[in-house]
Amino acid sequence: MHSADETLLQAVADALYGDGVSPTGLSEPERVFTYVWEFDGEVANGGFEQYYFNYAGEHASAAPPALRAIGAEDTARIVEQA
């Protein structure tokens with residue numbers, strides 16, 4: 001991973017999982033990144049069951065708009081149906 005990517009990833013992870021900061025405290029691009037990152041990581045690691053079971057599932061309603069923001073319309077529809 002490129003160091004700029006690592007810096008962004010760390011900043012967003014710190015904001016999301018740090019001392020009580022929620023995704024709502026992030027900018028819109030940071031929220032889109034976070035919701036897509038959570039969705040992708042959880043589903044790739046353990047499927048939809050893991051996504052909804054783990055903390056990331058608390059943001060499931062925010063995933064479809066985030067996925068649409070990056071042009072992943074088909075995936076957004078799948079998440080809505082799940």
# chains A, B, ... in the order shown; residues from 1 in each chain; ligands from 1
call {"tool": "residues_around", "arguments": {"residues": "stretch 60-73 of chain A", "least_positions_apart": "2", "cutoff": "6 Å", "atoms": "only C-alpha atoms", "output": "list of chain:residue names"}}
result
A:Val32, A:Tyr35, A:Gly57, A:Glu58, A:Thr75, A:Ala76
call {"tool": "write_last_selection", "arguments": {"atoms": "C-alpha atoms", "output": "JSON list (two decimals), in the first residue's frame"}}
result
[["chain", "number", "residue", "atom", "x", "y", "z"],
["A", 32, "VAL", "CA", -17.98, 7.21, 1.82],
["A", 35, "TYR", "CA", -18.58, 2.73, 4.73],
["A", 57, "GLY", "CA", -23.16, -3.75, 10.30],
["A", 58, "GLU", "CA", -24.29, -0.81, 12.40],
["A", 75, "THR", "CA", -23.53, -3.76, -5.23],
["A", 76, "ALA", "CA", -25.67, -1.07, -3.58]]
call {"tool": "atom_distance", "arguments": {"atom1": "atom CA of A:Ala56", "atom2": "atom CA of A:Glu38"}}
result
5.8 Å
call {"tool": "atom_distance", "arguments": {"atom1": "atom CA of A:Phe48", "atom2": "atom CA of A:Arg77"}}
result
13.6 Å
call {"tool": "atom_distance", "arguments": {"atom1": "atom CA of A:Tyr51", "atom2": "atom CA of A:Thr7"}}
result
24.4 Å
